[in-house]
$ cat work_28.pdb   # PDB, C-alpha atoms, pLDDT in the B column
ATOM      1  CA  MET A   2     -10.336 -19.626 -53.641  1.00 46.00           C
ATOM      2  CA  PRO A   3      -9.688 -15.977 -53.581  1.00 49.00           C
ATOM      3  CA  GLY A   4      -6.701 -14.724 -51.723  1.00 53.00           C
ATOM      4  CA  LYS A   5      -6.761 -13.365 -48.255  1.00 54.00           C
ATOM      5  CA  PRO A   6      -9.361 -10.631 -48.072  1.00 52.00           C
ATOM      6  CA  ALA A   7      -8.024  -7.267 -47.198  1.00 54.00           C
ATOM      7  CA  ILE A   8      -8.996  -6.307 -43.716  1.00 54.00           C
ATOM      8  CA  ILE A   9     -10.041  -2.760 -43.458  1.00 51.00           C
ATOM      9  CA  ALA A  10      -9.989  -1.638 -39.894  1.00 49.00           C
ATOM     10  CA  VAL A  11     -12.582   0.981 -39.174  1.00 50.00           C
ATOM     11  CA  MET A  12     -10.736   3.609 -37.240  1.00 47.00           C
ATOM     12  CA  LYS A  13     -12.569   6.227 -35.326  1.00 47.00           C
ATOM     13  CA  PRO A  14     -11.149   9.718 -35.418  1.00 45.00           C
ATOM     14  CA  ASN A  15     -10.575   9.744 -31.660  1.00 50.00           C
ATOM     15  CA  ASP A  16      -9.960   6.999 -29.181  1.00 51.00           C
ATOM     16  CA  SER A  17     -13.491   6.515 -27.951  1.00 56.00           C
ATOM     17  CA  ARG A  18     -13.101   3.714 -25.442  1.00 67.00           C
ATOM     18  CA  ILE A  19     -16.084   3.895 -23.174  1.00 82.00           C
ATOM     19  CA  ALA A  20     -15.206   5.266 -19.775  1.00 92.00           C
ATOM     20  CA  THR A  21     -17.390   3.984 -16.970  1.00 96.00           C
ATOM     21  CA  VAL A  22     -17.494   5.441 -13.480  1.00 97.00           C
ATOM     22  CA  GLU A  23     -19.293   4.327 -10.346  1.00 98.00           C
ATOM     23  CA  VAL A  24     -21.268   7.219  -8.894  1.00 98.00           C
ATOM     24  CA  LEU A  25     -22.403   7.148  -5.252  1.00 98.00           C
ATOM     25  CA  TYR A  26     -24.814   9.434  -3.408  1.00 98.00           C
ATOM     26  CA  PHE A  27     -25.090   9.886   0.352  1.00 98.00           C
ATOM     27  CA  ALA A  28     -27.462  11.308   2.942  1.00 98.00           C
ATOM     28  CA  ARG A  29     -29.939  13.881   1.648  1.00 96.00           C
ATOM     29  CA  LEU A  30     -28.767  13.549  -1.968  1.00 97.00           C
ATOM     30  CA  ARG A  31     -29.316   9.778  -1.875  1.00 98.00           C
ATOM     31  CA  GLU A  32     -32.871  10.353  -0.687  1.00 97.00           C
ATOM     32  CA  VAL A  33     -33.718  13.151  -3.110  1.00 97.00           C
ATOM     33  CA  PHE A  34     -32.308  11.302  -6.138  1.00 97.00           C
ATOM     34  CA  GLY A  35     -33.754   7.978  -4.997  1.00 97.00           C
ATOM     35  CA  CYS A  36     -30.411   6.435  -5.885  1.00 97.00           C
ATOM     36  CA  GLU A  37     -27.579   5.029  -3.802  1.00 98.00           C
ATOM     37  CA  ARG A  38     -25.151   4.143  -6.588  1.00 98.00           C
ATOM     38  CA  GLU A  39     -25.110   3.822 -10.349  1.00 98.00           C
ATOM     39  CA  GLN A  40     -22.734   3.021 -13.180  1.00 97.00           C
ATOM     40  CA  VAL A  41     -22.406   5.898 -15.596  1.00 96.00           C
ATOM     41  CA  GLU A  42     -20.847   5.873 -19.044  1.00 95.00           C
ATOM     42  CA  LEU A  43     -19.056   9.147 -19.371  1.00 94.00           C
ATOM     43  CA  PRO A  44     -19.611  11.164 -22.522  1.00 93.00           C
ATOM     44  CA  GLY A  45     -16.335  11.850 -24.347  1.00 92.00           C
ATOM     45  CA  ASP A  46     -16.230  15.463 -23.247  1.00 93.00           C
ATOM     46  CA  VAL A  47     -16.421  14.752 -19.500  1.00 95.00           C
ATOM     47  CA  HIS A  48     -12.982  14.625 -17.905  1.00 96.00           C
ATOM     48  CA  ASP A  49     -13.355  16.145 -14.448  1.00 97.00           C
ATOM     49  CA  VAL A  50     -15.671  16.677 -11.488  1.00 98.00           C
ATOM     50  CA  ALA A  51     -17.101  19.907 -12.924  1.00 97.00           C
ATOM     51  CA  GLY A  52     -17.896  18.148 -16.207  1.00 97.00           C
ATOM     52  CA  LEU A  53     -19.559  15.186 -14.519  1.00 97.00           C
ATOM     53  CA  THR A  54     -21.588  17.476 -12.257  1.00 98.00           C
ATOM     54  CA  ALA A  55     -22.779  19.524 -15.234  1.00 97.00           C
ATOM     55  CA  TRP A  56     -23.673  16.354 -17.126  1.00 97.00           C
ATOM     56  CA  LEU A  57     -25.709  14.990 -14.184  1.00 97.00           C
ATOM     57  CA  ARG A  58     -27.418  18.383 -13.843  1.00 97.00           C
ATOM     58  CA  ASN A  59     -28.710  17.973 -17.401  1.00 96.00           C
ATOM     59  CA  ARG A  60     -30.979  15.196 -16.163  1.00 96.00           C
ATOM     60  CA  GLY A  61     -33.244  17.989 -14.935  1.00 95.00           C
ATOM     61  CA  ASP A  62     -35.617  18.069 -11.964  1.00 96.00           C
ATOM     62  CA  ALA A  63     -33.953  17.157  -8.669  1.00 96.00           C
ATOM     63  CA  TRP A  64     -30.571  16.758 -10.374  1.00 96.00           C
ATOM     64  CA  GLU A  65     -30.682  20.258 -11.795  1.00 97.00           C
ATOM     65  CA  ARG A  66     -31.910  21.694  -8.506  1.00 97.00           C
ATOM     66  CA  GLU A  67     -29.561  19.890  -6.103  1.00 97.00           C
ATOM     67  CA  LEU A  68     -26.422  20.174  -8.213  1.00 97.00           C
ATOM     68  CA  ALA A  69     -27.001  23.800  -9.189  1.00 96.00           C
ATOM     69  CA  PRO A  70     -23.934  26.048  -8.926  1.00 93.00           C
ATOM     70  CA  GLY A  71     -23.589  27.410  -5.405  1.00 91.00           C
ATOM     71  CA  LYS A  72     -25.309  24.449  -3.737  1.00 94.00           C
ATOM     72  CA  PRO A  73     -23.252  23.030  -0.861  1.00 93.00           C
ATOM     73  CA  VAL A  74     -22.393  19.714  -2.517  1.00 96.00           C
ATOM     74  CA  ARG A  75     -19.124  17.933  -1.768  1.00 97.00           C
ATOM     75  CA  VAL A  76     -17.480  15.467  -4.150  1.00 98.00           C
ATOM     76  CA  ALA A  77     -14.946  12.718  -3.497  1.00 98.00           C
ATOM     77  CA  VAL A  78     -13.020  10.868  -6.220  1.00 98.00           C
ATOM     78  CA  ASN A  79     -11.725   7.442  -5.203  1.00 98.00           C
ATOM     79  CA  GLN A  80     -12.527   8.314  -1.580  1.00 98.00           C
ATOM     80  CA  ASP A  81     -10.474  11.514  -1.468  1.00 97.00           C
ATOM     81  CA  MET A  82     -12.097  14.935  -1.282  1.00 96.00           C
ATOM     82  CA  ALA A  83     -12.072  16.435  -4.760  1.00 97.00           C
ATOM     83  CA  ALA A  84     -12.250  19.875  -6.367  1.00 96.00           C
ATOM     84  CA  ALA A  85     -14.038  20.994  -9.550  1.00 96.00           C
ATOM     85  CA  ASP A  86     -10.929  20.324 -11.652  1.00 97.00           C
ATOM     86  CA  THR A  87     -10.131  16.886 -10.167  1.00 98.00           C
ATOM     87  CA  PRO A  88      -9.867  14.456 -13.115  1.00 97.00           C
ATOM     88  CA  VAL A  89     -12.512  11.738 -13.510  1.00 97.00           C
ATOM     89  CA  GLY A  90     -11.865   8.722 -15.728  1.00 96.00           C
ATOM     90  CA  ASN A  91     -12.561   5.087 -16.397  1.00 96.00           C
ATOM     91  CA  GLY A  92     -12.968   2.956 -13.262  1.00 97.00           C
ATOM     92  CA  ASP A  93     -13.131   5.867 -10.835  1.00 98.00           C
ATOM     93  CA  GLU A  94     -15.509   5.972  -7.881  1.00 98.00           C
ATOM     94  CA  VAL A  95     -17.128   9.385  -7.580  1.00 98.00           C
ATOM     95  CA  ALA A  96     -19.294  10.283  -4.584  1.00 98.00           C
ATOM     96  CA  PHE A  97     -21.634  13.260  -4.171  1.00 98.00           C
ATOM     97  CA  PHE A  98     -22.778  14.291  -0.695  1.00 98.00           C
ATOM     98  CA  PRO A  99     -23.769  17.225   1.534  1.00 97.00           C
ATOM     99  CA  PRO A 100     -21.254  18.826   3.908  1.00 97.00           C
ATOM    100  CA  VAL A 101     -20.406  16.314   6.640  1.00 97.00           C
ATOM    101  CA  THR A 102     -22.043  16.404  10.079  1.00 96.00           C
ATOM    102  CA  GLY A 103     -20.352  13.702  12.150  1.00 96.00           C
ATOM    103  CA  GLY A 104     -18.842  13.812  15.613  1.00 94.00           C
TER     104      GLY A 104
ATOM    105  CA  MET B  12      -3.178   3.794  16.388  1.00 89.00           C
ATOM    106  CA  ALA B  13      -6.644   2.592  15.477  1.00 96.00           C
ATOM    107  CA  VAL B  14      -9.862   3.882  13.962  1.00 98.00           C
ATOM    108  CA  ARG B  15     -13.144   2.018  14.217  1.00 98.00           C
ATOM    109  CA  VAL B  16     -16.623   2.620  12.824  1.00 98.00           C
ATOM    110  CA  GLN B  17     -19.261   0.517  14.566  1.00 98.00           C
ATOM    111  CA  THR B  18     -22.945   0.329  15.464  1.00 98.00           C
ATOM    112  CA  GLY B  19     -22.296  -0.897  19.014  1.00 98.00           C
ATOM    113  CA  ASP B  20     -21.446   1.165  22.069  1.00 98.00           C
ATOM    114  CA  PHE B  21     -17.920   1.626  23.448  1.00 98.00           C
ATOM    115  CA  ASP B  22     -16.325   1.662  26.896  1.00 98.00           C
ATOM    116  CA  ALA B  23     -13.956   4.618  27.138  1.00 98.00           C
ATOM    117  CA  GLY B  24     -12.471   3.400  30.428  1.00 98.00           C
ATOM    118  CA  ALA B  25     -11.664  -0.019  29.054  1.00 98.00           C
ATOM    119  CA  GLU B  26     -10.132   1.480  25.909  1.00 97.00           C
ATOM    120  CA  MET B  27      -7.913   3.811  27.956  1.00 97.00           C
ATOM    121  CA  ALA B  28      -6.862   1.026  30.300  1.00 97.00           C
ATOM    122  CA  GLY B  29      -5.838  -1.096  27.321  1.00 95.00           C
ATOM    123  CA  MET B  30      -3.813   1.753  25.862  1.00 96.00           C
ATOM    124  CA  ARG B  31      -2.070   2.495  29.187  1.00 95.00           C
ATOM    125  CA  ARG B  32      -1.123  -1.128  29.775  1.00 94.00           C
ATOM    126  CA  GLY B  33       0.449  -1.414  26.351  1.00 81.00           C
ATOM    127  CA  ASN B  34       3.045   1.336  26.777  1.00 93.00           C
ATOM    128  CA  PRO B  35       4.931   2.337  29.980  1.00 95.00           C
ATOM    129  CA  LYS B  36       6.210   5.557  28.338  1.00 96.00           C
ATOM    130  CA  ILE B  37       2.692   7.029  28.432  1.00 97.00           C
ATOM    131  CA  GLY B  38       2.381   9.847  30.977  1.00 98.00           C
ATOM    132  CA  ALA B  39      -0.895  11.425  29.841  1.00 98.00           C
ATOM    133  CA  ILE B  40      -4.135  10.267  28.255  1.00 98.00           C
ATOM    134  CA  ALA B  41      -6.723  12.779  27.040  1.00 98.00           C
ATOM    135  CA  SER B  42     -10.134  11.680  25.821  1.00 98.00           C
ATOM    136  CA  PHE B  43     -13.282  13.164  24.335  1.00 98.00           C
ATOM    137  CA  VAL B  44     -16.746  11.595  24.196  1.00 98.00           C
ATOM    138  CA  GLY B  45     -19.492  13.066  22.000  1.00 98.00           C
ATOM    139  CA  VAL B  46     -23.056  12.432  23.176  1.00 97.00           C
ATOM    140  CA  VAL B  47     -26.496  12.678  21.496  1.00 95.00           C
ATOM    141  CA  ARG B  48     -28.416  15.710  22.849  1.00 92.00           C
ATOM    142  CA  ASP B  49     -32.192  15.831  23.138  1.00 91.00           C
ATOM    143  CA  LEU B  50     -32.356  19.334  21.679  1.00 83.00           C
ATOM    144  CA  ASN B  51     -30.843  20.715  18.471  1.00 81.00           C
ATOM    145  CA  GLU B  52     -31.637  23.890  16.520  1.00 76.00           C
ATOM    146  CA  GLY B  53     -34.705  24.484  18.680  1.00 76.00           C
ATOM    147  CA  ALA B  54     -36.372  21.088  18.197  1.00 78.00           C
ATOM    148  CA  ASP B  55     -36.694  18.066  20.428  1.00 88.00           C
ATOM    149  CA  VAL B  56     -34.649  15.181  19.108  1.00 88.00           C
ATOM    150  CA  ALA B  57     -36.191  11.783  19.809  1.00 89.00           C
ATOM    151  CA  GLN B  58     -33.725   9.745  17.785  1.00 95.00           C
ATOM    152  CA  MET B  59     -30.779  10.159  15.462  1.00 95.00           C
ATOM    153  CA  THR B  60     -29.505   8.065  12.562  1.00 97.00           C
ATOM    154  CA  LEU B  61     -25.887   8.287  11.484  1.00 98.00           C
ATOM    155  CA  GLU B  62     -24.882   7.374   7.957  1.00 98.00           C
ATOM    156  CA  HIS B  63     -21.322   7.166   6.618  1.00 98.00           C
ATOM    157  CA  TYR B  64     -19.306   6.381   3.493  1.00 98.00           C
ATOM    158  CA  PRO B  65     -17.734   2.965   4.189  1.00 98.00           C
ATOM    159  CA  GLY B  66     -14.152   2.909   2.997  1.00 97.00           C
ATOM    160  CA  MET B  67     -13.707   6.657   2.752  1.00 98.00           C
ATOM    161  CA  THR B  68     -14.586   7.127   6.423  1.00 98.00           C
ATOM    162  CA  GLU B  69     -11.782   4.888   7.628  1.00 98.00           C
ATOM    163  CA  LYS B  70      -9.362   6.419   5.134  1.00 98.00           C
ATOM    164  CA  ALA B  71     -10.272   9.971   6.191  1.00 98.00           C
ATOM    165  CA  LEU B  72      -9.905   9.134   9.889  1.00 98.00           C
ATOM    166  CA  GLU B  73      -6.522   7.491   9.297  1.00 98.00           C
ATOM    167  CA  GLU B  74      -5.354  10.585   7.424  1.00 97.00           C
ATOM    168  CA  ILE B  75      -6.488  12.802  10.309  1.00 97.00           C
ATOM    169  CA  VAL B  76      -4.561  10.630  12.777  1.00 98.00           C
ATOM    170  CA  ALA B  77      -1.468  10.744  10.535  1.00 98.00           C
ATOM    171  CA  GLU B  78      -1.741  14.539  10.410  1.00 97.00           C
ATOM    172  CA  ALA B  79      -1.908  14.728  14.227  1.00 98.00           C
ATOM    173  CA  ARG B  80       1.219  12.575  14.489  1.00 97.00           C
ATOM    174  CA  THR B  81       3.178  14.998  12.328  1.00 97.00           C
ATOM    175  CA  ARG B  82       2.202  17.856  14.664  1.00 98.00           C
ATOM    176  CA  TRP B  83       2.584  16.351  18.148  1.00 98.00           C
ATOM    177  CA  ASP B  84       4.728  13.737  19.814  1.00 97.00           C
ATOM    178  CA  ILE B  85       1.935  11.295  20.621  1.00 97.00           C
ATOM    179  CA  TYR B  86       2.263   7.602  21.402  1.00 97.00           C
ATOM    180  CA  ASP B  87      -1.165   6.260  20.649  1.00 97.00           C
ATOM    181  CA  VAL B  88      -4.522   7.337  19.220  1.00 98.00           C
ATOM    182  CA  LEU B  89      -7.921   5.678  19.137  1.00 98.00           C
ATOM    183  CA  ILE B  90     -10.977   6.979  17.303  1.00 98.00           C
ATOM    184  CA  VAL B  91     -14.301   5.127  17.600  1.00 98.00           C
ATOM    185  CA  HIS B  92     -17.341   6.525  15.778  1.00 98.00           C
ATOM    186  CA  ARG B  93     -20.775   4.946  15.949  1.00 98.00           C
ATOM    187  CA  VAL B  94     -23.247   4.713  13.056  1.00 98.00           C
ATOM    188  CA  GLY B  95     -26.861   3.589  12.871  1.00 98.00           C
ATOM    189  CA  THR B  96     -29.698   4.633  15.149  1.00 97.00           C
ATOM    190  CA  LEU B  97     -28.930   6.383  18.454  1.00 97.00           C
ATOM    191  CA  GLN B  98     -31.026   7.970  21.223  1.00 95.00           C
ATOM    192  CA  PRO B  99     -30.385  11.023  23.403  1.00 95.00           C
ATOM    193  CA  THR B 100     -27.736  10.276  26.069  1.00 95.00           C
ATOM    194  CA  ASP B 101     -26.100   7.655  23.786  1.00 97.00           C
ATOM    195  CA  GLN B 102     -22.396   8.008  23.070  1.00 98.00           C
ATOM    196  CA  ILE B 103     -21.533   8.876  19.440  1.00 98.00           C
ATOM    197  CA  VAL B 104     -17.787   9.313  19.214  1.00 98.00           C
ATOM    198  CA  LEU B 105     -14.658   8.600  21.250  1.00 98.00           C
ATOM    199  CA  VAL B 106     -11.208  10.093  20.725  1.00 98.00           C
ATOM    200  CA  VAL B 107      -8.337   8.991  22.965  1.00 98.00           C
ATOM    201  CA  VAL B 108      -4.790  10.324  22.719  1.00 98.00           C
ATOM    202  CA  ALA B 109      -1.807   9.113  24.732  1.00 98.00           C
ATOM    203  CA  SER B 110       1.464  11.008  25.045  1.00 98.00           C
ATOM    204  CA  GLY B 111       4.313  11.630  27.451  1.00 97.00           C
ATOM    205  CA  HIS B 112       2.852  14.839  28.872  1.00 97.00           C
ATOM    206  CA  ARG B 113      -0.564  16.484  29.016  1.00 97.00           C
ATOM    207  CA  GLY B 114       0.058  19.347  26.559  1.00 97.00           C
ATOM    208  CA  GLU B 115       0.380  17.145  23.495  1.00 97.00           C
ATOM    209  CA  ALA B 116      -2.510  14.903  24.546  1.00 98.00           C
ATOM    210  CA  PHE B 117      -4.938  17.805  25.123  1.00 98.00           C
ATOM    211  CA  GLN B 118      -4.042  19.608  21.918  1.00 98.00           C
ATOM    212  CA  ALA B 119      -4.008  16.551  19.674  1.00 98.00           C
ATOM    213  CA  CYS B 120      -7.360  15.385  21.062  1.00 98.00           C
ATOM    214  CA  GLU B 121      -9.012  18.714  20.275  1.00 98.00           C
ATOM    215  CA  PHE B 122      -7.386  18.837  16.836  1.00 98.00           C
ATOM    216  CA  LEU B 123      -8.603  15.311  16.021  1.00 98.00           C
ATOM    217  CA  MET B 124     -12.209  16.169  16.949  1.00 98.00           C
ATOM    218  CA  ASP B 125     -12.142  19.441  15.003  1.00 97.00           C
ATOM    219  CA  TYR B 126     -10.781  17.725  11.883  1.00 97.00           C
ATOM    220  CA  LEU B 127     -13.136  14.764  12.249  1.00 97.00           C
ATOM    221  CA  LYS B 128     -16.152  17.086  12.351  1.00 96.00           C
ATOM    222  CA  ALA B 129     -15.011  18.965   9.251  1.00 95.00           C
ATOM    223  CA  ARG B 130     -13.627  16.092   7.139  1.00 95.00           C
ATOM    224  CA  ALA B 131     -14.908  12.630   8.021  1.00 97.00           C
ATOM    225  CA  PRO B 132     -17.890  11.550   5.847  1.00 98.00           C
ATOM    226  CA  PHE B 133     -20.639  11.080   8.434  1.00 98.00           C
ATOM    227  CA  TRP B 134     -24.151  12.535   8.222  1.00 98.00           C
ATOM    228  CA  LYS B 135     -26.775  12.856  10.942  1.00 97.00           C
ATOM    229  CA  LYS B 136     -30.517  12.649  10.455  1.00 96.00           C
ATOM    230  CA  GLU B 137     -32.704  13.640  13.395  1.00 95.00           C
ATOM    231  CA  LYS B 138     -36.201  12.518  14.241  1.00 94.00           C
ATOM    232  CA  THR B 139     -38.171  15.434  15.726  1.00 90.00           C
ATOM    233  CA  PRO B 140     -41.897  16.032  16.444  1.00 90.00           C
ATOM    234  CA  GLU B 141     -41.999  17.982  13.128  1.00 89.00           C
ATOM    235  CA  GLY B 142     -40.588  15.037  11.204  1.00 92.00           C
ATOM    236  CA  ALA B 143     -37.160  13.765  10.185  1.00 94.00           C
ATOM    237  CA  ARG B 144     -34.499  16.219   9.033  1.00 94.00           C
ATOM    238  CA  TRP B 145     -30.875  16.070   7.947  1.00 95.00           C
ATOM    239  CA  VAL B 146     -28.623  18.083  10.220  1.00 93.00           C
ATOM    240  CA  ASP B 147     -27.019  21.068   8.481  1.00 90.00           C
ATOM    241  CA  ALA B 148     -23.269  21.532   8.690  1.00 89.00           C
ATOM    242  CA  ARG B 149     -22.220  24.402  10.922  1.00 88.00           C
ATOM    243  CA  LYS B 150     -19.905  27.199   9.861  1.00 87.00           C
ATOM    244  CA  THR B 151     -18.465  27.157  13.380  1.00 89.00           C
ATOM    245  CA  ASP B 152     -17.222  23.601  12.757  1.00 90.00           C
ATOM    246  CA  ASP B 153     -15.295  24.708   9.677  1.00 88.00           C
ATOM    247  CA  ALA B 154     -13.910  27.633  11.647  1.00 89.00           C
ATOM    248  CA  ALA B 155     -12.810  25.260  14.424  1.00 91.00           C
ATOM    249  CA  ALA B 156     -10.885  23.149  11.911  1.00 92.00           C
ATOM    250  CA  ASP B 157      -9.422  26.196  10.157  1.00 91.00           C
ATOM    251  CA  ARG B 158      -7.744  27.534  13.272  1.00 92.00           C
ATOM    252  CA  TRP B 159      -5.275  24.616  13.181  1.00 92.00           C
ATOM    253  CA  ARG B 160      -3.906  25.643   9.773  1.00 89.00           C
TER     254      ARG B 160
END
$ encode --input "work_28.pdb" --output "structure tokens"
Amino acid sequence: MPGKPAIIAVMKPNDSRIATVEVLYFARLREVFGCEREQVELPGDVHDVAGLTAWLRNRGDAWERELAPGKPVRVAVNQDMAAADTPVGNGDEVAFFPPVTGG
Amino acid sequence: MAVRVQTGDFDAGAEMAGMRRGNPKIGAIASFVGVVRDLNEGADVAQMTLEHYPGMTEKALEEIVAEARTRWDIYDVLIVHRVGTLQPTDQIVLVVVASGHRGEAFQACEFLMDYLKARAPFWKKEKTPEGARWVDARKTDDAAADRWR
């Protein structure tokens, strides 16, 4: 019997654990996208709300139109109102919705 | 202190009576009730559907109540907001504030409504003769919230 085989671990240049986020849509956006919630695997270069928004916009059509810069879209991360530079990472819940109209 | 999101109606009188009985220090109770109108932005409204973000709604309302408590000496707060389908003349929202004297109760009640309208994740969809439409947010609502800064 040969000796213990050498184990060569295949290392990737960067830590590329897959980051998954739960994305929710409300009100008009839910209707226009035809989607209430989805699990999204974040590309490695998406780290914040602005990055996720831009990535979703790349889907084209309604996504490009509704998430275009200047559109009145609000974003919450883990149920707190977020800004463009709010970090987004594995396990986060990110919601997109129009300005609120309760009361 | 309590916040509730519910489909059913509420009884403002009963809620206030319960609050009053629970605390003999209370000297003033101010309340606000929001009601569905039959006319909005020039169209007849036959029906309205309210949607919200379960989880975030309660959290946002609790934060608004906590903010009011840092600003005024208030003894008790109740916010009830309805969701689902409502008709004109139906009640939508109730805010009740109890304090020792009227000044705090009046001011905190108005503050809570202004912040709720600007920050709590609810959305209204109206049914009109021209079809259903999502209600647009009003700049005046943001301005109303901003004046408390």
$ residues_around --input "work_28.pdb" --residues "Leu50 (chain B)" --least-positions-apart "2" --cutoff "12 Å" --atoms "only C-alpha atoms" --output "list in words"
Val46, Val47, Arg48, Glu52, Gly53, Ala54, Asp55, Val56, Ala57, Gln58, Met59, Gln98, Pro99, Thr100, Glu137, Lys138, Thr139 and Pro140 of chain B
$ atom_distance --input "work_28.pdb" --atom1 "CA of Ala109 (chain B)" --atom2 "CA of Tyr86 (chain B)"
5.5 Å
$ atom_distance --input "work_28.pdb" --atom1 "CA of Phe43 (chain B)" --atom2 "CA of Val94 (chain B)"
17.3 Å
$ resolve_selection --input "work_28.pdb" --expression "the PyMOL selection byres ((chain B) within 8 of (chain A))" --output "compact mmCIF listing (two decimals) with C-alpha atoms, in the coordinates of the input"
# COMPACT_ATOMS: atom_id res chain seq x y z
CA GLY B 45 -19.49 13.07 22.00
CA LEU B 61 -25.89 8.29 11.48
CA GLU B 62 -24.88 7.37 7.96
CA HIS B 63 -21.32 7.17 6.62
CA TYR B 64 -19.31 6.38 3.49
CA GLY B 66 -14.15 2.91 3.00
CA MET B 67 -13.71 6.66 2.75
CA LYS B 70 -9.36 6.42 5.13
CA ALA B 71 -10.27 9.97 6.19
CA HIS B 92 -17.34 6.52 15.78
CA ILE B 103 -21.53 8.88 19.44
CA VAL B 104 -17.79 9.31 19.21
CA MET B 124 -12.21 16.17 16.95
CA LEU B 127 -13.14 14.76 12.25
CA LYS B 128 -16.15 17.09 12.35
CA ALA B 129 -15.01 18.96 9.25
CA ARG B 130 -13.63 16.09 7.14
CA ALA B 131 -14.91 12.63 8.02
CA PRO B 132 -17.89 11.55 5.85
CA PHE B 133 -20.64 11.08 8.43
CA TRP B 134 -24.15 12.54 8.22
CA LYS B 135 -26.78 12.86 10.94
CA TRP B 145 -30.88 16.07 7.95
CA VAL B 146 -28.62 18.08 10.22
CA ASP B 147 -27.02 21.07 8.48
CA ALA B 148 -23.27 21.53 8.69
$ atom_distance --input "work_28.pdb" --atom1 "CA of Tyr126 (chain B)" --atom2 "CA of Val91 (chain B)"
14.3 Å
$ residues_around --input "work_28.pdb" --residues "Arg82 (chain B)" --least-positions-apart "4" --cutoff "12 Å" --atoms "only C-alpha atoms" --output "list in words"
Ile75, Val76, Ala77, Glu78, Glu115, Ala116, Gln118, Ala119, Cys120, Phe122, Leu123, Trp159 and Arg160 of chain B
$ resolve_selection --input "work_28.pdb" --expression "the PyMOL selection byres ((chain A and resi 44) around 10)" --output "VMD selection string"
chain A and resid 17 19 to 21 41 to 43 45 to 48 52 to 53 56
$ write_last_selection --input "work_28.pdb" --atoms "C-alpha atoms" --output "mmCIF file, in the coordinates of the input"
data_model
loop_
_atom_site.group_PDB
_atom_site.id
_atom_site.type_symbol
_atom_site.label_atom_id
_atom_site.label_comp_id
_atom_site.auth_asym_id
_atom_site.auth_seq_id
_atom_site.Cartn_x
_atom_site.Cartn_y
_atom_site.Cartn_z
ATOM 1 C CA SER A 17 -13.491 6.515 -27.951
ATOM 2 C CA ILE A 19 -16.084 3.895 -23.174
ATOM 3 C CA ALA A 20 -15.206 5.266 -19.775
ATOM 4 C CA THR A 21 -17.390 3.984 -16.970
ATOM 5 C CA VAL A 41 -22.406 5.898 -15.596
ATOM 6 C CA GLU A 42 -20.847 5.873 -19.044
ATOM 7 C CA LEU A 43 -19.056 9.147 -19.371
ATOM 8 C CA GLY A 45 -16.335 11.850 -24.347
ATOM 9 C CA ASP A 46 -16.230 15.463 -23.247
ATOM 10 C CA VAL A 47 -16.421 14.752 -19.500
ATOM 11 C CA HIS A 48 -12.982 14.625 -17.905
ATOM 12 C CA GLY A 52 -17.896 18.148 -16.207
ATOM 13 C CA LEU A 53 -19.559 15.186 -14.519
ATOM 14 C CA TRP A 56 -23.673 16.354 -17.126
#
$ closest_residue --input "work_28.pdb" --among "B:Asp49, B:Asp87, B:Asp125, B:Asp152" --to "Val107 (chain B)" --atoms "all atoms listed in the file"
B:Asp87
$ resolve_selection --input "work_28.pdb" --expression "the PyMOL selection byres ((chain A and resi 57) around 12)" --output "PyMOL selection string"
chain A and resi 24+34+39+41-44+47+50-56+58-69+97
$ residues_near_point --input "work_28.pdb" --point "(-21.0, -3.8, 16.6)" --cutoff "12 Å" --atoms "only C-alpha atoms" --output "PDB file with C-alpha atoms, keeping the file's coordinate frame"
ATOM      1  CA  ARG B  15     -13.144   2.018  14.217  1.00 98.00           C
ATOM      2  CA  VAL B  16     -16.623   2.620  12.824  1.00 98.00           C
ATOM      3  CA  GLN B  17     -19.261   0.517  14.566  1.00 98.00           C
ATOM      4  CA  THR B  18     -22.945   0.329  15.464  1.00 98.00           C
ATOM      5  CA  GLY B  19     -22.296  -0.897  19.014  1.00 98.00           C
ATOM      6  CA  ASP B  20     -21.446   1.165  22.069  1.00 98.00           C
ATOM      7  CA  PHE B  21     -17.920   1.626  23.448  1.00 98.00           C
ATOM      8  CA  VAL B  91     -14.301   5.127  17.600  1.00 98.00           C
ATOM      9  CA  HIS B  92     -17.341   6.525  15.778  1.00 98.00           C
ATOM     10  CA  ARG B  93     -20.775   4.946  15.949  1.00 98.00           C
ATOM     11  CA  VAL B  94     -23.247   4.713  13.056  1.00 98.00           C
ATOM     12  CA  GLY B  95     -26.861   3.589  12.871  1.00 98.00           C
TER      13      GLY B  95
END
$ closest_residue --input "work_28.pdb" --among "B:Asp101, B:Arg149, B:Glu73, B:Val88" --to "Arg31 (chain B)" --atoms "only C-alpha atoms"
B:Val88
